[in-house]
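Participant: Input query21.tsv, format and content: TSV, C-alpha atoms and all ligand atoms.
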```
chain	number	residue	atom	x	y	z
H	251	MET	CA	16.52	-18.30	8.52
H	252	ARG	CA	12.96	-19.15	9.47
H	253	THR	CA	9.93	-17.41	8.07
H	254	THR	CA	6.87	-16.17	9.89
H	255	THR	CA	3.99	-13.75	9.28
H	256	ALA	CA	3.95	-10.23	10.74
H	257	TYR	CA	2.15	-6.90	10.50
H	258	GLY	CA	4.55	-4.26	9.26
H	259	THR	CA	4.98	-1.14	7.19
H	260	HIS	CA	7.54	0.29	4.80
H	261	GLY	CA	6.63	3.90	5.62
H	262	SER	CA	2.88	4.06	5.44
H	263	THR	CA	0.82	4.44	8.63
H	264	THR	CA	-1.14	1.31	7.68
H	265	LEU	CA	0.24	-2.06	8.77
H	266	VAL	CA	-0.01	-4.95	6.32
H	267	ALA	CA	0.48	-8.66	6.96
H	268	GLY	CA	3.35	-10.32	5.16
H	269	PRO	CA	6.21	-12.79	5.53
H	270	ILE	CA	9.31	-11.83	7.54
H	271	GLU	CA	12.44	-13.73	8.48
H	272	ARG	CA	13.48	-14.67	11.98
H	273	ARG	CA	16.96	-15.93	12.81
H	274	GLU	CA	17.66	-19.62	13.35
H	275	LEU	CA	17.96	-20.29	17.06
H	276	ARG	CA	21.28	-19.46	18.69
H	277	PRO	CA	22.33	-21.69	21.62
H	278	ARG	CA	20.52	-19.49	24.19
H	279	ASP	CA	17.52	-18.58	22.04
H	280	VAL	CA	13.90	-19.43	22.59
H	281	ALA	CA	11.26	-19.47	19.84
H	282	VAL	CA	7.94	-18.09	21.06
H	283	ASP	CA	4.61	-18.77	19.40
H	284	VAL	CA	2.99	-15.36	19.95
H	285	SER	CA	-0.68	-15.49	20.95
H	286	HIS	CA	-1.36	-11.87	21.97
H	287	CYS	CA	0.44	-8.54	21.68
H	288	GLY	CA	-0.66	-5.28	23.29
H	289	VAL	CA	-0.88	-2.05	21.30
H	290	CYS	CA	1.14	0.66	23.06
H	291	HIS	CA	0.98	4.36	22.32
H	292	SER	CA	4.72	4.05	21.60
H	293	ASP	CA	3.79	1.82	18.64
H	294	LEU	CA	1.66	4.65	17.34
H	295	HIS	CA	4.50	7.15	17.84
H	296	ALA	CA	6.87	4.72	16.07
H	297	VAL	CA	4.59	4.15	13.06
H	298	HIS	CA	4.10	7.90	12.58
H	299	ALA	CA	7.79	8.72	13.09
H	300	HIS	CA	8.71	6.00	10.57
H	301	ALA	CA	6.22	7.35	8.02
H	302	SER	CA	7.41	10.93	8.39
H	303	SER	CA	11.09	9.93	8.18
H	304	ARG	CA	10.40	8.60	4.68
H	305	ALA	CA	12.54	5.56	5.46
H	306	ASP	CA	11.52	2.56	3.40
H	307	ASP	CA	12.91	-0.15	5.64
H	308	LEU	CA	10.44	-2.52	7.26
H	309	LEU	CA	9.00	-1.58	10.65
H	310	VAL	CA	7.15	-4.30	12.57
H	311	PRO	CA	5.90	-2.80	15.87
H	312	GLY	CA	4.65	-4.65	18.94
H	313	HIS	CA	6.61	-4.94	22.18
H	314	GLU	CA	4.43	-6.46	24.86
H	315	PHE	CA	3.48	-10.00	24.02
H	316	VAL	CA	2.71	-13.39	25.45
H	317	GLY	CA	2.89	-16.86	24.01
H	318	THR	CA	4.27	-20.34	24.37
H	319	VAL	CA	7.77	-21.69	23.88
H	320	THR	CA	7.91	-23.90	20.78
H	321	GLN	CA	11.64	-24.56	20.46
H	322	ILE	CA	14.79	-23.96	22.53
H	323	GLY	CA	18.47	-23.59	21.67
H	324	ALA	CA	21.03	-26.18	22.81
H	325	HIS	CA	22.13	-24.21	25.89
H	326	VAL	CA	18.82	-22.82	27.10
H	327	ALA	CA	18.64	-23.45	30.84
H	328	GLU	CA	15.47	-21.79	32.09
H	329	PHE	CA	12.77	-22.73	29.60
H	330	ARG	CA	11.22	-25.83	28.08
H	331	VAL	CA	8.96	-26.33	25.09
H	332	GLY	CA	5.39	-25.56	26.16
H	333	ASP	CA	6.27	-22.97	28.82
H	334	ALA	CA	3.92	-19.98	29.14
H	335	VAL	CA	6.04	-16.88	28.62
H	336	ALA	CA	5.98	-13.14	28.07
H	337	VAL	CA	8.37	-10.72	26.36
H	338	GLY	CA	8.60	-6.94	26.69
H	339	ASN	CA	10.34	-4.15	24.88
H	340	ILE	CA	13.94	-5.21	25.50
H	341	VAL	CA	15.44	-8.33	23.96
H	342	ASP	CA	19.16	-7.95	24.73
H	343	SER	CA	21.74	-5.78	26.50
H	344	CYS	CA	25.51	-5.78	26.96
H	345	GLY	CA	25.26	-7.70	30.22
H	346	SER	CA	28.44	-6.24	31.68
H	347	CYS	CA	28.05	-2.49	32.23
H	348	ASP	CA	27.18	-1.03	35.64
H	349	MET	CA	23.49	-0.77	34.74
H	350	CYS	CA	23.25	-4.35	33.51
H	351	ARG	CA	25.13	-5.56	36.59
H	352	ALA	CA	22.65	-3.66	38.74
H	353	GLY	CA	19.78	-5.48	37.05
H	354	GLN	CA	18.79	-2.35	35.10
H	355	GLU	CA	19.27	-3.72	31.61
H	356	ASN	CA	16.71	-1.11	30.52
H	357	PHE	CA	19.43	1.52	31.09
H	358	CYS	CA	22.31	-0.46	29.54
H	359	ARG	CA	25.20	1.89	28.70
H	360	GLU	CA	25.40	0.39	25.22
H	361	PHE	CA	21.65	0.92	24.90
H	362	PRO	CA	19.45	-2.15	25.25
H	363	THR	CA	18.35	-3.88	22.07
H	364	THR	CA	14.72	-2.97	21.67
H	365	THR	CA	12.17	-5.55	20.53
H	366	TYR	CA	11.70	-3.71	17.26
H	367	GLY	CA	13.76	-1.07	15.51
H	368	GLY	CA	16.82	-2.15	17.51
H	369	ARG	CA	20.14	-3.44	16.21
H	370	ASP	CA	20.79	-7.11	16.87
H	371	ARG	CA	24.02	-7.32	18.88
H	372	VAL	CA	25.27	-10.39	16.96
H	373	ASP	CA	24.38	-9.96	13.31
H	374	GLY	CA	23.57	-6.22	13.13
H	375	THR	CA	20.13	-6.72	11.62
H	376	THR	CA	17.18	-4.53	12.64
H	377	THR	CA	14.85	-6.23	15.11
H	378	LEU	CA	11.23	-6.78	14.04
H	379	GLY	CA	8.52	-6.67	16.70
H	380	GLY	CA	5.80	-8.76	18.23
H	381	PHE	CA	2.87	-8.16	15.87
H	382	ALA	CA	3.90	-11.49	14.44
H	383	ARG	CA	3.19	-15.17	14.65
H	384	GLU	CA	6.62	-16.01	16.05
H	385	TYR	CA	9.47	-14.23	17.84
H	386	VAL	CA	12.99	-15.56	18.48
H	387	VAL	CA	14.65	-14.14	21.59
H	388	ASP	CA	17.52	-14.71	24.01
H	389	GLU	CA	16.23	-16.54	27.08
H	390	ASN	CA	17.54	-13.78	29.38
H	391	PHE	CA	14.73	-11.56	28.13
H	392	VAL	CA	11.96	-14.13	28.31
H	393	TYR	CA	9.77	-14.14	31.43
H	394	ARG	CA	7.51	-16.66	33.09
H	395	ARG	CA	3.97	-15.37	33.04
H	396	PRO	CA	1.33	-16.18	35.66
H	397	THR	CA	-0.96	-18.82	34.18
H	398	ASN	CA	-3.84	-17.93	36.52
H	399	LEU	CA	-4.36	-14.75	34.47
H	400	ASP	CA	-5.88	-14.26	31.01
H	401	PRO	CA	-2.88	-14.23	28.62
H	402	ALA	CA	-4.33	-11.37	26.57
H	403	ALA	CA	-4.57	-9.22	29.70
H	404	VAL	CA	-1.03	-10.14	30.78
H	405	ALA	CA	0.58	-8.90	27.55
H	406	PRO	CA	0.26	-5.17	28.47
H	407	LEU	CA	2.10	-5.77	31.74
H	408	MET	CA	5.25	-6.22	29.68
H	409	CYS	CA	5.53	-2.57	28.62
H	410	ALA	CA	2.73	-0.48	30.11
H	411	GLY	CA	2.91	-2.37	33.40
H	412	VAL	CA	6.62	-2.46	34.01
H	413	THR	CA	7.07	1.15	32.91
H	414	VAL	CA	4.92	2.30	35.82
H	415	TRP	CA	6.01	-0.49	38.18
H	416	GLU	CA	9.67	0.56	38.36
H	417	PRO	CA	8.97	4.14	39.47
H	418	LEU	CA	6.31	2.98	41.94
H	419	ARG	CA	8.84	0.59	43.46
H	420	SER	CA	11.90	2.82	43.29
H	421	HIS	CA	10.00	5.64	45.03
H	422	GLY	CA	9.00	3.24	47.78
H	423	VAL	CA	5.24	3.34	47.25
H	424	GLY	CA	3.44	1.36	49.93
H	425	PRO	CA	0.75	1.65	52.58
H	426	GLY	CA	0.12	5.30	53.37
H	427	SER	CA	1.64	6.64	50.13
H	428	VAL	CA	-0.38	9.28	48.35
H	429	VAL	CA	-0.04	8.69	44.62
H	430	GLY	CA	-1.39	10.56	41.63
H	431	VAL	CA	-1.68	9.12	38.13
H	432	ALA	CA	-1.98	11.56	35.24
H	433	GLY	CA	-3.61	10.23	32.05
H	434	LEU	CA	-5.91	7.23	32.25
H	435	GLY	CA	-4.78	5.13	29.31
H	436	GLY	CA	-2.79	1.91	28.99
H	437	LEU	CA	0.00	2.92	31.37
H	438	GLY	CA	-2.24	4.98	33.62
H	439	HIS	CA	-4.87	2.35	34.36
H	440	LEU	CA	-2.17	-0.15	35.32
H	441	ALA	CA	-0.48	2.47	37.50
H	442	VAL	CA	-3.77	2.89	39.37
H	443	LYS	CA	-4.19	-0.86	39.92
H	444	LEU	CA	-0.58	-1.41	40.95
H	445	ALA	CA	-0.31	1.59	43.28
H	446	ARG	CA	-3.57	0.53	44.93
H	447	ALA	CA	-2.34	-3.04	45.35
H	448	LEU	CA	0.85	-1.71	46.95
H	449	GLY	CA	-1.32	0.00	49.55
H	450	ALA	CA	-1.29	3.59	48.30
H	451	SER	CA	-4.27	5.88	48.02
H	452	VAL	CA	-4.59	6.90	44.37
H	453	THR	CA	-5.96	9.97	42.61
H	454	VAL	CA	-6.42	10.07	38.84
H	455	PHE	CA	-5.86	13.25	36.85
H	456	THR	CA	-7.75	13.03	33.59
H	457	THR	CA	-8.94	15.23	30.77
H	458	SER	CA	-11.83	12.82	30.17
H	459	GLN	CA	-14.75	13.48	32.53
H	460	GLN	CA	-16.40	10.29	31.31
H	461	LYS	CA	-13.54	8.17	32.68
H	462	ALA	CA	-14.22	9.21	36.30
H	463	ASP	CA	-16.37	6.18	37.16
H	464	ASP	CA	-13.85	3.83	35.56
H	465	ALA	CA	-11.04	5.46	37.54
H	466	ARG	CA	-12.87	4.72	40.79
H	467	ALA	CA	-13.66	1.17	39.69
H	468	LEU	CA	-9.96	0.66	38.97
H	469	GLY	CA	-9.15	1.66	42.55
H	470	ALA	CA	-8.81	5.45	42.60
H	471	THR	CA	-10.31	7.20	45.62
H	472	ASP	CA	-10.36	10.56	43.93
H	473	VAL	CA	-10.53	11.96	40.39
H	474	ILE	CA	-9.38	15.41	39.32
H	475	ILE	CA	-10.34	16.81	35.94
H	476	SER	CA	-7.00	18.34	35.00
H	477	THR	CA	-8.53	21.14	32.94
H	478	ASP	CA	-10.38	22.38	36.05
H	479	ARG	CA	-7.99	24.99	37.46
H	480	HIS	CA	-9.86	25.24	40.75
H	481	ALA	CA	-9.67	21.50	41.31
H	482	MET	CA	-5.96	21.54	40.46
H	483	ALA	CA	-5.35	24.43	42.87
H	484	ALA	CA	-7.25	22.62	45.63
H	485	ALA	CA	-4.88	19.66	45.29
H	486	ARG	CA	-1.75	21.73	45.98
H	487	GLY	CA	0.93	19.90	47.95
H	488	ARG	CA	-1.05	16.69	48.24
H	489	PHE	CA	1.02	13.98	46.57
H	490	ASP	CA	4.12	11.98	47.43
H	491	LEU	CA	4.45	10.78	43.85
H	492	ILE	CA	2.71	11.44	40.56
H	493	ILE	CA	3.21	9.11	37.63
H	494	ASP	CA	2.55	11.24	34.56
H	495	THR	CA	1.61	8.98	31.65
H	496	ILE	CA	0.19	11.67	29.36
H	497	SER	CA	1.15	10.88	25.77
H	498	ALA	CA	1.15	14.43	24.38
H	499	PRO	CA	3.24	17.53	25.16
H	500	HIS	CA	1.76	19.32	28.18
H	501	ALA	CA	2.67	21.74	30.97
H	502	VAL	CA	4.07	19.83	33.94
H	503	GLU	CA	4.14	22.70	36.46
H	504	PRO	CA	0.44	22.35	37.33
H	505	TYR	CA	1.22	18.77	38.37
H	506	LEU	CA	4.37	19.82	40.25
H	507	ASP	CA	2.21	22.23	42.26
H	508	THR	CA	0.26	19.26	43.59
H	509	ILE	CA	3.41	17.49	44.83
H	510	GLY	CA	4.15	17.72	48.56
H	511	LEU	CA	7.40	18.14	50.50
H	512	ASP	CA	10.21	15.99	49.06
H	513	GLY	CA	7.78	14.41	46.62
H	514	THR	CA	8.43	13.43	43.01
H	515	LEU	CA	6.83	13.97	39.64
H	516	SER	CA	7.81	11.06	37.41
H	517	VAL	CA	7.15	11.87	33.76
H	518	VAL	CA	7.07	8.59	31.86
H	519	GLY	CA	4.56	9.37	29.08
H	520	TYR	CA	5.82	12.26	27.00
H	521	LEU	CA	9.57	11.96	26.58
H	522	GLY	CA	10.30	15.18	24.70
H	523	GLU	CA	11.27	18.56	26.12
H	524	ILE	CA	9.51	19.80	29.21
H	525	SER	CA	9.78	23.20	30.78
H	526	VAL	CA	10.20	23.68	34.54
H	527	THR	CA	11.73	26.48	36.57
H	528	ALA	CA	14.13	25.49	39.33
H	529	LEU	CA	11.94	27.56	41.63
H	530	ALA	CA	9.02	25.20	41.03
H	531	LEU	CA	11.24	22.44	42.42
H	532	LEU	CA	12.80	24.54	45.17
H	533	ILE	CA	9.54	25.20	46.98
H	534	GLY	CA	8.96	21.85	48.67
H	535	ARG	CA	12.34	20.40	47.63
H	536	LYS	CA	10.57	18.48	44.90
H	537	SER	CA	12.10	16.10	42.36
H	538	LEU	CA	11.40	15.69	38.70
H	539	SER	CA	12.10	12.19	37.46
H	540	SER	CA	11.40	9.74	34.66
H	541	ALA	CA	11.60	6.02	34.04
H	542	GLY	CA	11.27	3.65	31.16
H	543	SER	CA	10.68	-0.02	30.67
H	544	GLY	CA	12.12	-2.39	33.27
H	545	GLY	CA	15.14	-4.45	34.15
H	546	ARG	CA	14.96	-8.23	34.24
H	547	ILE	CA	14.54	-8.43	38.00
H	548	SER	CA	11.69	-5.97	38.29
H	549	THR	CA	9.94	-7.33	35.20
H	550	GLN	CA	9.73	-10.80	36.72
H	551	GLU	CA	8.85	-9.27	40.09
H	552	LEU	CA	5.94	-7.42	38.46
H	553	LEU	CA	4.63	-10.57	36.78
H	554	ASP	CA	4.82	-12.51	40.04
H	555	PHE	CA	3.13	-9.65	41.95
H	556	CYS	CA	0.33	-9.53	39.38
H	557	GLY	CA	-0.14	-13.29	39.56
H	558	GLU	CA	-0.42	-13.11	43.36
H	559	HIS	CA	-2.73	-10.09	43.40
H	560	ASP	CA	-4.82	-11.04	40.39
H	561	ILE	CA	-3.88	-7.92	38.46
H	562	SER	CA	-3.89	-7.59	34.70
H	563	ALA	CA	-4.86	-5.01	32.11
H	564	ASP	CA	-8.41	-4.11	31.09
H	565	VAL	CA	-8.22	-5.13	27.47
H	566	GLU	CA	-10.22	-5.02	24.27
H	567	VAL	CA	-9.00	-7.97	22.23
H	568	LEU	CA	-9.23	-7.61	18.46
H	569	PRO	CA	-8.47	-10.11	15.70
H	570	SER	CA	-5.05	-9.38	14.24
H	571	GLY	CA	-6.67	-8.16	11.00
H	572	GLN	CA	-8.01	-5.18	12.96
H	573	ILE	CA	-4.62	-3.93	14.08
H	574	ASN	CA	-5.05	-0.70	12.10
H	575	THR	CA	-8.41	-0.07	13.78
H	576	ALA	CA	-6.66	-0.41	17.13
H	577	LEU	CA	-4.03	2.14	16.11
H	578	GLU	CA	-6.66	4.57	14.79
H	579	ARG	CA	-8.81	4.31	17.90
H	580	LEU	CA	-5.76	4.67	20.15
H	581	ALA	CA	-4.90	7.89	18.32
H	582	ARG	CA	-8.42	9.17	19.13
H	583	ASN	CA	-8.12	8.24	22.83
H	584	ASP	CA	-10.90	5.71	22.23
H	585	VAL	CA	-9.60	2.79	24.26
H	586	ARG	CA	-10.51	1.26	27.64
H	587	TYR	CA	-7.81	0.64	28.45
H	588	ARG	CA	-5.52	-1.37	26.20
H	589	PHE	CA	-5.98	-2.91	22.80
H	590	VAL	CA	-4.51	-6.36	22.41
H	591	VAL	CA	-4.37	-8.14	19.08
H	592	ASP	CA	-4.94	-11.87	18.86
H	593	LEU	CA	-2.13	-13.21	16.70
H	594	SER	CA	-3.13	-16.83	17.05
H	595	ASP	CA	-5.44	-16.22	14.07
H	596	LEU	CA	-2.42	-15.52	11.86
H	597	LYS	CA	-1.08	-18.39	9.78
H	598	ASN	CA	2.67	-18.94	9.81
H	599	ALA	CA	4.17	-18.05	6.46
H	601	LIG	P1	-2.67	5.89	25.93
H	601	LIG	O1	-3.29	4.59	26.28
H	601	LIG	O2	-3.03	6.56	24.67
H	601	LIG	O3	-2.91	6.87	27.18
H	601	LIG	C1	-2.44	8.18	27.18
H	601	LIG	C2	-3.39	9.05	27.99
H	601	LIG	O4	-2.87	10.37	28.00
H	601	LIG	C3	-4.78	9.18	27.40
H	601	LIG	O5	-5.62	8.12	27.80
H	601	LIG	C4	-5.25	10.50	27.97
H	601	LIG	O6	-5.75	10.30	29.29
H	601	LIG	C5	-3.95	11.29	28.11
H	601	LIG	N1	-3.82	12.28	27.03
H	601	LIG	C6	-3.72	12.05	25.71
H	601	LIG	N2	-3.59	13.21	25.03
H	601	LIG	C7	-3.58	14.19	25.97
H	601	LIG	C8	-3.46	15.59	25.93
H	601	LIG	N3	-3.31	16.24	24.75
H	601	LIG	N4	-3.49	16.29	27.09
H	601	LIG	C9	-3.65	15.65	28.28
H	601	LIG	N5	-3.79	14.31	28.37
H	601	LIG	C10	-3.76	13.60	27.24
H	601	LIG	O7	-1.08	5.73	25.88
H	601	LIG	P2	-0.12	4.72	26.68
H	601	LIG	O8	0.12	3.51	25.84
H	601	LIG	O9	-0.57	4.62	28.07
H	601	LIG	O10	1.25	5.54	26.61
H	601	LIG	C11	1.33	6.81	27.27
H	601	LIG	C12	2.63	7.46	26.88
H	601	LIG	O11	3.71	6.74	27.48
H	601	LIG	C13	2.93	7.47	25.37
H	601	LIG	O12	3.52	8.71	25.01
H	601	LIG	C14	3.93	6.36	25.20
H	601	LIG	O13	4.77	6.54	24.09
H	601	LIG	C15	4.70	6.48	26.50
H	601	LIG	N6	5.40	5.28	26.93
H	601	LIG	C16	6.60	5.46	27.55
H	601	LIG	C17	7.28	4.35	28.02
H	601	LIG	C18	8.58	4.52	28.72
H	601	LIG	O14	9.40	3.62	28.66
H	601	LIG	N7	8.76	5.61	29.46
H	601	LIG	C19	6.77	3.08	27.83
H	601	LIG	C20	5.53	2.94	27.21
H	601	LIG	C21	4.85	4.06	26.76
H	601	LIG	P3	-7.10	11.00	29.82
H	601	LIG	O15	-8.16	10.67	28.81
H	601	LIG	O16	-7.30	10.34	31.14
H	601	LIG	O17	-6.82	12.45	29.94
H	602	ZN	ZN	5.20	0.35	25.08
H	603	ZN	ZN	24.83	-2.99	29.67
```
Could you express the structure from this file as structure tokens?
Ligand code: NAP
Ligand code: ZN
Ligand code: ZN

Facilitator:
Amino acid sequence: MRTTTAYGTHGSTTLVAGPIERRELRPRDVAVDVSHCGVCHSDLHAVHAHASSRADDLLVPGHEFVGTVTQIGAHVAEFRVGDAVAVGNIVDSCGSCDMCRAGQENFCREFPTTTYGGRDRVDGTTTLGGFAREYVVDENFVYRRPTNLDPAAVAPLMCAGVTVWEPLRSHGVGPGSVVGVAGLGGLGHLAVKLARALGASVTVFTTSQQKADDARALGATDVIISTDRHAMAAARGRFDLIIDTISAPHAVEPYLDTIGLDGTLSVVGYLGEISVTALALLIGRKSLSSAGSGGRISTQELLDFCGEHDISADVEVLPSGQINTALERLARNDVRYRFVVDLSDLKNA
């Protein structure tokens, strides 16, 4: 085993730096020196769920990171020491089911191995995430990142970005599409930038009046304050697609009302129960959908697209020692628009 330093918790909501073990490299493994890792709202959900489950195993969150390859296994074909890379929230999959064969490893029938809290497919250990100095990962789930972009601002593409990219692409968003984005946070602000770059007109639904100017600066042509019932009613039938990134339970029917004929509401933020009548779908033949993470093909496609179009996240970079501040501020919706922690300041154990 090799030892590195990581921010983790044994059941408290406060992360503490300490030594963890990474596996020795398997033939197709790559060791990544992690420089930056984004702080996703899912990390916050995971830390709180872990604390309330009273489990005392170690949780190390962090699942959108960038860094540099420092070592490769004997059979690694695609990467060399020194390569600029990125890793997202999936680090392995079965590779042979229909989903994996279709390039949708994110929907692997055997469930993809998540970057943290997953079960390693070889040795059965629990995976520990990217709030760490080093990560060891199968090369199939390592991506080339565009080096023309700030690495810190690329990290959030690996979860927040790809989670909104797949539904934008699978619903055929392009010039002339009318897209709504609900919730202007980490996922939402990237959805605005990406939909705009694909040629869509974009409207942001937000509860935060003070984000309206930012929404326009990010590329939105219109902003609707979602608590304003008149504004919501005036938007009836307007959208081809809404990407709903809201992190908390909420009523989705007001958003469905704003979908037009044959349009889709894609709920990617809150993944618990939602309540919809079939009638709300019937009128306008609407679809309710969801998406999560990305397959290998679309993840690399997203990174390449962002490199070409100069797109990355709006980030507030904090020293790794302030990881708990990032989590606390994220919980208060006090982020514009993604926290990223700088892990290069962490010494290897
Ligand atoms: P975030 O940065 O905290 O953004 C969430 C946004 O939701 C907030 O900025 C806020 O936008 C809105 N919001 C929060 N509480 C709300 C409430 N009570 N009512 C209405 N709106 C509210 O979070 P994120 O990192 O983008 O993640 C968003 C959600 O996606 C989280 O639940 C996360 O777990 C989930 N997620 C899912 C996947 C997946 O694979 N499907 C991947 C990553 C994350 P406004 O201020 O504009 O209203
Ligand atoms: Zn995430
Ligand atoms: Zn599979």

Participant: Can you work out the spacing between atom C14 of ligand LIG 601 (chain H) and CA of Ala581 (chain H) in Å, to one decimal?

Facilitator: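 Between atom C14 of ligand LIG 601 (chain H) and CA of Ala581 (chain H) the gap is 11.3 Å.
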
Participant: Identify, counting only C-alpha atoms and all ligand atoms, the protein, DNA and RNA residues located within 7 Å of ligand ZN 602 (chain H), and give them as a ChimeraX atom specification.

Facilitator: /H:290-293,313-314,339,409-410

Participant: List the neighbours of region 448-452 of chain H out to 10 Å using all atoms listed in the file; skip same-chain residues closer than 2 positions along the sequence, and give me the result as a PyMOL selection string.

Facilitator: chain H and resi 418-419+422-431+441-446+454-455+465-466+468-473+489+491-492+555+559

Participant: Pick out the closest residue to Gly433 (chain H) from this set: H:Tyr520, H:Phe361, H:Phe391, H:Tyr366. Count only C-alpha atoms.

Facilitator: H:Tyr520

Participant: Check the smallest atom-to-atom distance from each of H:Arg304, H:His500, H:Arg330, H:Arg546 to ligand LIG 601 (chain H) using all atoms listed in the file, then report the winner.

Facilitator: H:His500

Participant: Within 8 Å of ligand LIG 601 (chain H) (counting only C-alpha atoms and all ligand atoms), which residues show up? I'd like them as number ranges by chain.

Facilitator: H: 289-295, 409-410, 413, 432-439, 454-458, 461, 476, 495-500, 517-521, 540-543, 580-581, 583, 585, 587-588

Participant: Could you pull out the residues sitting within 12 Å of ligand ZN 603 (chain H), using all atoms listed in the file, and write them as a PyMOL selection string?

Facilitator: chain H and resi 340+342-363+371+545

Participant: List the spatial neighbours of Asn598 (chain H) as a PDB file with C-alpha atoms, keeping the file's coordinate frame - criterion: any atom at most 9 Å away, all atoms listed in the file, same-chain residues fewer than 5 positions off excluded.

Facilitator:
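Saved result, selection18.pdb, follows:
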```pdb
ATOM      1  CA  THR H 253       9.930 -17.410   8.070  1.00  0.00           C
ATOM      2  CA  THR H 254       6.870 -16.170   9.890  1.00  0.00           C
ATOM      3  CA  THR H 255       3.990 -13.750   9.280  1.00  0.00           C
ATOM      4  CA  ALA H 256       3.950 -10.230  10.740  1.00  0.00           C
ATOM      5  CA  PRO H 269       6.210 -12.790   5.530  1.00  0.00           C
ATOM      6  CA  ALA H 382       3.900 -11.490  14.440  1.00  0.00           C
ATOM      7  CA  ARG H 383       3.190 -15.170  14.650  1.00  0.00           C
ATOM      8  CA  GLU H 384       6.620 -16.010  16.050  1.00  0.00           C
TER       9      GLU H 384
END
```

Participant: What is the CA of Glu389 (chain H)-CA of Arg273 (chain H) distance in Å, reported with one decimal?

Facilitator: 14.3 Å

Participant: For region 351-459 of chain H against region 278-284 of chain H, with a cut-off of 12 Å and counting all atoms listed in the file, what is the closest atom pair and its distance in Å to one decimal for every residue that makes the cut, ordered by chain and number, as JSON lines?

Facilitator:
```
{"residue": "H:Gly379", "atom": "CA", "partner": "H:Val284", "partner_atom": "CA", "distance": 10.8}
{"residue": "H:Gly380", "atom": "CA", "partner": "H:Val284", "partner_atom": "CA", "distance": 7.4}
{"residue": "H:Phe381", "atom": "CA", "partner": "H:Val284", "partner_atom": "CA", "distance": 8.3}
{"residue": "H:Ala382", "atom": "CA", "partner": "H:Val284", "partner_atom": "CA", "distance": 6.8}
{"residue": "H:Arg383", "atom": "CA", "partner": "H:Val284", "partner_atom": "CA", "distance": 5.3}
{"residue": "H:Glu384", "atom": "CA", "partner": "H:Asp283", "partner_atom": "CA", "distance": 4.8}
{"residue": "H:Tyr385", "atom": "CA", "partner": "H:Val282", "partner_atom": "CA", "distance": 5.3}
{"residue": "H:Val386", "atom": "CA", "partner": "H:Ala281", "partner_atom": "CA", "distance": 4.5}
{"residue": "H:Val387", "atom": "CA", "partner": "H:Asp279", "partner_atom": "CA", "distance": 5.3}
{"residue": "H:Asp388", "atom": "CA", "partner": "H:Asp279", "partner_atom": "CA", "distance": 4.3}
{"residue": "H:Glu389", "atom": "CA", "partner": "H:Asp279", "partner_atom": "CA", "distance": 5.6}
{"residue": "H:Asn390", "atom": "CA", "partner": "H:Arg278", "partner_atom": "CA", "distance": 8.3}
{"residue": "H:Phe391", "atom": "CA", "partner": "H:Val280", "partner_atom": "CA", "distance": 9.7}
{"residue": "H:Val392", "atom": "CA", "partner": "H:Val280", "partner_atom": "CA", "distance": 8.0}
{"residue": "H:Tyr393", "atom": "CA", "partner": "H:Val280", "partner_atom": "CA", "distance": 11.1}
{"residue": "H:Pro401", "atom": "CA", "partner": "H:Val284", "partner_atom": "CA", "distance": 10.5}
{"residue": "H:Ala402", "atom": "CA", "partner": "H:Val284", "partner_atom": "CA", "distance": 10.6}
{"residue": "H:Ala405", "atom": "CA", "partner": "H:Val284", "partner_atom": "CA", "distance": 10.3}
```

Participant: Each side padded by 3 Å, which centre and which edge lengths in Å (one decimal) define the axis-aligned box around the listed atoms of region 390-400 of chain H? Give them as AutoDock Vina command-line options.

Facilitator:
```
--center_x 5.8 --center_y -15.2 --center_z 32.3 --size_x 29.4 --size_y 13.3 --size_z 14.4
```

Participant: Measuring atom to atom with all atoms listed in the file, identify which of H:Gly510, H:Pro396, H:Gly268, H:Gly367 is nearest to Gly317 (chain H).

Facilitator: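 Ranking H:Gly510, H:Pro396, H:Gly268, H:Gly367 by distance to Gly317 (chain H), first place goes to H:Pro396.
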
Participant: What's around Thr259 (chain H) at 10 Å? Count only C-alpha atoms, leave out sequence neighbours fewer than 4 positions away in its own chain, and write the answer as a list in words.

Facilitator: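 The filter keeps Thr263, Thr264, Leu265, Val266, Ala267, Gly268, Val297, His300, Ala301, Asp306, Asp307, Leu308, Leu309, Val310 and Pro311 of chain H.
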
Participant: Could you state the separation of CA of Ile561 (chain H) and CA of Leu399 (chain H) in Å, given to one decimal place?

Facilitator: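 Distance reported for this atom pair: 7.9 Å.
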
Participant: From the set H:Asp400, H:Glu271, H:Glu328, H:Asp478, which residue has the shortest atom-to-atom contact distance to Thr375 (chain H), counting all atoms listed in the file?

Facilitator: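 Closest to Thr375 (chain H) of all the choices is H:Glu271.
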
Participant: Counting only C-alpha atoms, what is within 6 Å of Phe589 (chain H), bar same-chain residues fewer than 3 positions away, as an MDAnalysis selection string?

Facilitator: chainID H and resid 288:289 565:567
